[in-house]
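Engineer: Once you've had a glance at the structure underneath, I'll fire off some questions.
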Amino acid sequence: MQDSSLLQLMWLASPALPIGGFSYSECLEAAVDSARVATESEASLWLLDQLHLCLARSELALLAQAIPAWQSADEPRIGALNAWVLQTRESSELRAQTEQMGRSLLDWLRNHSTASPGQISLLANLLPSYPMAFALAASATRAPLRECLLTYAFGWAENMVQAAIKSVPLGQSAGQRILSALTAEIPTAVDHALALDDTARQAFAPMLAILSAQHEVQYSRLFRS
């Protein structure tokens, strides 16, 4: 992989990317509030389950198909994949998350040369979801597909570990141990996602949906999801 591609992927994975990922816990805060997650080990197991049961089967699997779609300018495929993301968000706050982060990443793309005006216009007209906006940004790096998925997963892991540190709460050392555990499992999750096709891709996590609905009316909270 060329240095420029690697640096662009590192940029996309950076917590400093101004897309607002730090403001979401993806229901982890609701799990803490309901006493399902109260310790470092429980937080680690929760996030590992989320990585394998949710991210690998849904967003990573979608990215594996969306990045080639952007590279081949397959507009019907791009529209269908974006619609799938929006239709599979199971609560209003999870839908709001992917829409807000998608819009923010689209705004970032408008200020960079990594996407063409035509691609940006197409995405803007679709009500962009975050995975599809990321797929566009990653496709422009010309990095290998597997490395693009590893980048997405690591960026997700960093945000979720920070959410765990704030909501459980945990210390920085505990957060680094959880991130280490997630990092060790990310390659397996990515390889699983790469093997899935349209018929196997899924977004089915009933307890996560229930916790998200509960989080929407949670009395005291730090995060938007």
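We name chains A, B, ... following the order of the structure tokens; residues begin at 1 in each chain, and ligands are numbered from 1 as shown.
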Could you pull out the helix (DSSP H, G or I) residues of region 8-223 of chain A from DSSP and send them as a PyMOL selection string?
Structural biologist: chain A and resi 8-13+21-23+28-33+40-55+59-71+75-87+92-110+117-124+130-139+145-167+172-194+206-215
Engineer: For Cys148 (chain A), please output as a PDB file with C-alpha atoms, in the first residue's frame all residues within 9 Å (counting only C-alpha atoms; exclusion window: fewer than 2 positions along the same chain).
Structural biologist:
ATOM      1  CA  LEU A   9      -6.819   5.800   6.040  1.00  0.00           C
ATOM      2  CA  LEU A  63     -18.548  -1.574   3.245  1.00  0.00           C
ATOM      3  CA  ALA A  64     -17.040  -4.582   1.507  1.00  0.00           C
ATOM      4  CA  ILE A  67     -16.364   0.567  -1.716  1.00  0.00           C
ATOM      5  CA  ALA A 135     -17.081   4.004   1.695  1.00  0.00           C
ATOM      6  CA  ALA A 138     -12.139   5.100   1.537  1.00  0.00           C
ATOM      7  CA  SER A 139     -12.651   4.290  -2.147  1.00  0.00           C
ATOM      8  CA  THR A 141      -7.666   6.312  -1.155  1.00  0.00           C
ATOM      9  CA  ALA A 143      -6.129   1.310  -0.497  1.00  0.00           C
ATOM     10  CA  PRO A 144      -6.834  -2.446  -0.490  1.00  0.00           C
ATOM     11  CA  LEU A 145     -10.392  -3.318   0.524  1.00  0.00           C
ATOM     12  CA  ARG A 146      -9.393  -5.273   3.631  1.00  0.00           C
ATOM     13  CA  LEU A 150      -9.782  -2.579   9.241  1.00  0.00           C
ATOM     14  CA  THR A 151      -9.680   1.223   9.375  1.00  0.00           C
ATOM     15  CA  TYR A 152     -13.438   1.531   9.829  1.00  0.00           C
ATOM     16  CA  ALA A 153     -13.474  -1.096  12.574  1.00  0.00           C
TER      17      ALA A 153
END
Engineer: Just want the 12 Å neighbourhood of Gln176 (chain A), counted on only C-alpha atoms, with same-chain residues fewer than 2 positions away dropped. Output as a PDB file with N, CA and C atoms, in the first residue's frame.
Structural biologist:
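In the end it all went to out.pdb:
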ATOM      1  N   GLU A  40     -14.915  -3.530  33.880  1.00  0.00           N
ATOM      2  CA  GLU A  40     -14.063  -3.575  32.702  1.00  0.00           C
ATOM      3  C   GLU A  40     -14.307  -4.839  31.876  1.00  0.00           C
ATOM      4  N   SER A  44     -15.702  -5.037  28.074  1.00  0.00           N
ATOM      5  CA  SER A  44     -14.917  -5.684  27.034  1.00  0.00           C
ATOM      6  C   SER A  44     -15.735  -6.747  26.309  1.00  0.00           C
ATOM      7  N   ALA A 157     -13.892   1.124  17.176  1.00  0.00           N
ATOM      8  CA  ALA A 157     -13.410   0.607  18.457  1.00  0.00           C
ATOM      9  C   ALA A 157     -12.900   1.738  19.348  1.00  0.00           C
ATOM     10  N   GLU A 158     -12.161   2.663  18.776  1.00  0.00           N
ATOM     11  CA  GLU A 158     -11.655   3.777  19.578  1.00  0.00           C
ATOM     12  C   GLU A 158     -12.797   4.609  20.154  1.00  0.00           C
ATOM     13  N   MET A 160     -15.871   3.628  20.770  1.00  0.00           N
ATOM     14  CA  MET A 160     -16.615   2.855  21.758  1.00  0.00           C
ATOM     15  C   MET A 160     -15.839   2.704  23.064  1.00  0.00           C
ATOM     16  N   VAL A 161     -14.537   2.570  22.979  1.00  0.00           N
ATOM     17  CA  VAL A 161     -13.734   2.492  24.202  1.00  0.00           C
ATOM     18  C   VAL A 161     -13.821   3.804  24.973  1.00  0.00           C
ATOM     19  N   GLN A 162     -13.783   4.910  24.272  1.00  0.00           N
ATOM     20  CA  GLN A 162     -13.926   6.194  24.954  1.00  0.00           C
ATOM     21  C   GLN A 162     -15.305   6.327  25.597  1.00  0.00           C
ATOM     22  N   ALA A 164     -17.001   3.834  26.781  1.00  0.00           N
ATOM     23  CA  ALA A 164     -16.958   2.965  27.961  1.00  0.00           C
ATOM     24  C   ALA A 164     -16.220   3.645  29.112  1.00  0.00           C
ATOM     25  N   ILE A 165     -15.126   4.317  28.795  1.00  0.00           N
ATOM     26  CA  ILE A 165     -14.363   5.017  29.832  1.00  0.00           C
ATOM     27  C   ILE A 165     -15.233   6.055  30.535  1.00  0.00           C
ATOM     28  N   LEU A 170     -14.476   3.977  33.546  1.00  0.00           N
ATOM     29  CA  LEU A 170     -13.242   3.210  33.632  1.00  0.00           C
ATOM     30  C   LEU A 170     -12.047   4.151  33.533  1.00  0.00           C
ATOM     31  N   GLY A 171     -10.882   3.650  33.938  1.00  0.00           N
ATOM     32  CA  GLY A 171      -9.655   4.421  33.790  1.00  0.00           C
ATOM     33  C   GLY A 171      -9.057   4.233  32.410  1.00  0.00           C
ATOM     34  N   GLN A 172      -8.061   5.050  32.104  1.00  0.00           N
ATOM     35  CA  GLN A 172      -7.422   4.980  30.798  1.00  0.00           C
ATOM     36  C   GLN A 172      -6.732   3.635  30.559  1.00  0.00           C
ATOM     37  N   SER A 173      -6.128   3.065  31.589  1.00  0.00           N
ATOM     38  CA  SER A 173      -5.456   1.774  31.428  1.00  0.00           C
ATOM     39  C   SER A 173      -6.462   0.677  31.093  1.00  0.00           C
ATOM     40  N   ALA A 174      -7.615   0.712  31.758  1.00  0.00           N
ATOM     41  CA  ALA A 174      -8.665  -0.259  31.441  1.00  0.00           C
ATOM     42  C   ALA A 174      -9.122  -0.077  30.004  1.00  0.00           C
ATOM     43  N   ILE A 178      -9.123  -2.876  26.917  1.00  0.00           N
ATOM     44  CA  ILE A 178     -10.289  -3.206  26.090  1.00  0.00           C
ATOM     45  C   ILE A 178      -9.968  -2.991  24.609  1.00  0.00           C
ATOM     46  N   LEU A 179      -9.292  -1.892  24.298  1.00  0.00           N
ATOM     47  CA  LEU A 179      -8.928  -1.621  22.912  1.00  0.00           C
ATOM     48  C   LEU A 179      -7.992  -2.697  22.371  1.00  0.00           C
ATOM     49  N   SER A 180      -7.102  -3.179  23.225  1.00  0.00           N
ATOM     50  CA  SER A 180      -6.208  -4.267  22.818  1.00  0.00           C
ATOM     51  C   SER A 180      -6.996  -5.523  22.479  1.00  0.00           C
ATOM     52  N   ALA A 181      -8.004  -5.838  23.310  1.00  0.00           N
ATOM     53  CA  ALA A 181      -8.830  -7.019  23.047  1.00  0.00           C
ATOM     54  C   ALA A 181      -9.612  -6.860  21.746  1.00  0.00           C
ATOM     55  N   LEU A 182     -10.150  -5.668  21.511  1.00  0.00           N
ATOM     56  CA  LEU A 182     -10.892  -5.424  20.275  1.00  0.00           C
ATOM     57  C   LEU A 182      -9.968  -5.497  19.054  1.00  0.00           C
ATOM     58  N   THR A 183      -8.791  -4.912  19.168  1.00  0.00           N
ATOM     59  CA  THR A 183      -7.846  -4.903  18.057  1.00  0.00           C
ATOM     60  C   THR A 183      -7.451  -6.328  17.659  1.00  0.00           C
TER      61      THR A 183
END
Engineer: Could you give me, as a tab-separated table, every region 30-136 of chain A residue with an atom at most 7 Å from region 12-20 of chain A, plus its closest atom pair and distance in Å to one decimal, counting only C-alpha atoms, rows ordered by chain then number?
Structural biologist:
residue	atom	partner	partner_atom	distance
A:Met101	CA	A:Ile19	CA	5.3
A:Ser104	CA	A:Ile19	CA	4.9
A:Leu105	CA	A:Ile19	CA	5.7
Engineer: If I take CA of Met207 (chain A) and CA of Cys27 (chain A), how far is one from the other in Å, to one decimal?
Structural biologist: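 These atoms are spaced 9.6 Å apart.
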Engineer: So that I can see what lies close to Ser129 (chain A), please list as a list of chain:residue names the residues with an atom at most 7 Å from it, counting only C-alpha atoms and leaving out residues fewer than 3 positions away in the same chain.
Structural biologist: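 Residues near the query, excluding close chain neighbours: A:Asn82, A:Val85, A:Leu86, A:Thr98, A:Glu99, A:Gly102, A:Met132, A:Ala133.
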Engineer: So what do you get for CA of Leu149 (chain A) versus CA of Val37 (chain A), distance-wise?
Structural biologist: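 These two atoms are separated by 27.3 Å.
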Engineer: Between CA of Gly21 (chain A) and CA of Trp70 (chain A), what is the distance in Å, rounded to a tenth?
Structural biologist: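 One can read the CA of Gly21 (chain A) to CA of Trp70 (chain A) distance as 23.1 Å.
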Engineer: From the options A:Ala56, A:Ala43, A:Ala66, A:Leu126, which residue's atoms come nearest to Ala200 (chain A), counting only C-alpha atoms?
Structural biologist: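 That would be A:Ala56, the residue with the smallest distance to Ala200 (chain A).
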Engineer: I'd like to know which of A:Ala209, A:Leu28, A:Leu45, A:Ile78 is closest to Asn159 (chain A), using only C-alpha atoms.
Structural biologist: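 Looking only at the distances to Asn159 (chain A), the closest residue turns out to be A:Leu28.
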Engineer: So which one's closest to Arg201 (chain A), A:Leu55, A:Ala184, A:Ala61, A:Leu7? Using only C-alpha atoms, please.
Structural biologist: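 When distances to Arg201 (chain A) are compared using only C-alpha atoms, the smallest one comes from A:Ala61.
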Engineer: Determine the nearest neighbour of Leu47 (chain A) from the options A:Glu26, A:Asp33, A:Glu59, A:Asp107, counting only C-alpha atoms.
Structural biologist: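 Looking only at the distances to Leu47 (chain A), the closest residue turns out to be A:Glu26.
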Engineer: Considering only C-alpha atoms, state which residue in the set A:Glu185, A:Asp198, A:Glu93, A:Asp49 is at the smallest distance from Ser25 (chain A).
Structural biologist: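 Looking only at the distances to Ser25 (chain A), the closest residue turns out to be A:Glu93.
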Engineer: Would you kindly return, as an MDAnalysis selection string, each protein, DNA or RNA residue with an atom no farther than 8 Å from any atom of His192 (chain A), considering only C-alpha atoms and excluding same-chain residues fewer than 4 positions away?
Structural biologist: chainID A and resid 56:57 188 196
Engineer: Convert the current residue selection to file output with C-alpha atoms, as a compact mmCIF listing (two decimals), in the first residue's frame.
Structural biologist:
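Saved result, again.txt, follows:
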# COMPACT_ATOMS: atom_id res chain seq x y z
CA ALA A 56 -19.07 -7.62 11.17
CA ARG A 57 -22.46 -8.77 9.90
CA THR A 188 -11.34 -11.95 12.23
CA LEU A 196 -20.74 -12.26 3.23
Engineer: Hey, what's within 7 Å of Ala203 (chain A) if we count only C-alpha atoms and toss same-chain stuff fewer than 4 positions away? As a compact mmCIF listing (two decimals) with N, CA and C atoms, in the first residue's frame, please?
Structural biologist:
# COMPACT_ATOMS: atom_id res chain seq x y z
N CYS A 54 -22.73 -7.56 15.42
CA CYS A 54 -23.36 -6.41 14.75
C CYS A 54 -22.48 -5.84 13.64
N ARG A 57 -21.37 -8.27 10.73
CA ARG A 57 -22.46 -8.77 9.90
C ARG A 57 -23.19 -7.67 9.14
N SER A 58 -23.04 -6.44 9.62
CA SER A 58 -23.81 -5.34 9.04
C SER A 58 -22.92 -4.33 8.34
N THR A 88 -32.35 -0.31 8.11
CA THR A 88 -32.01 -1.28 9.16
C THR A 88 -31.62 -0.62 10.48
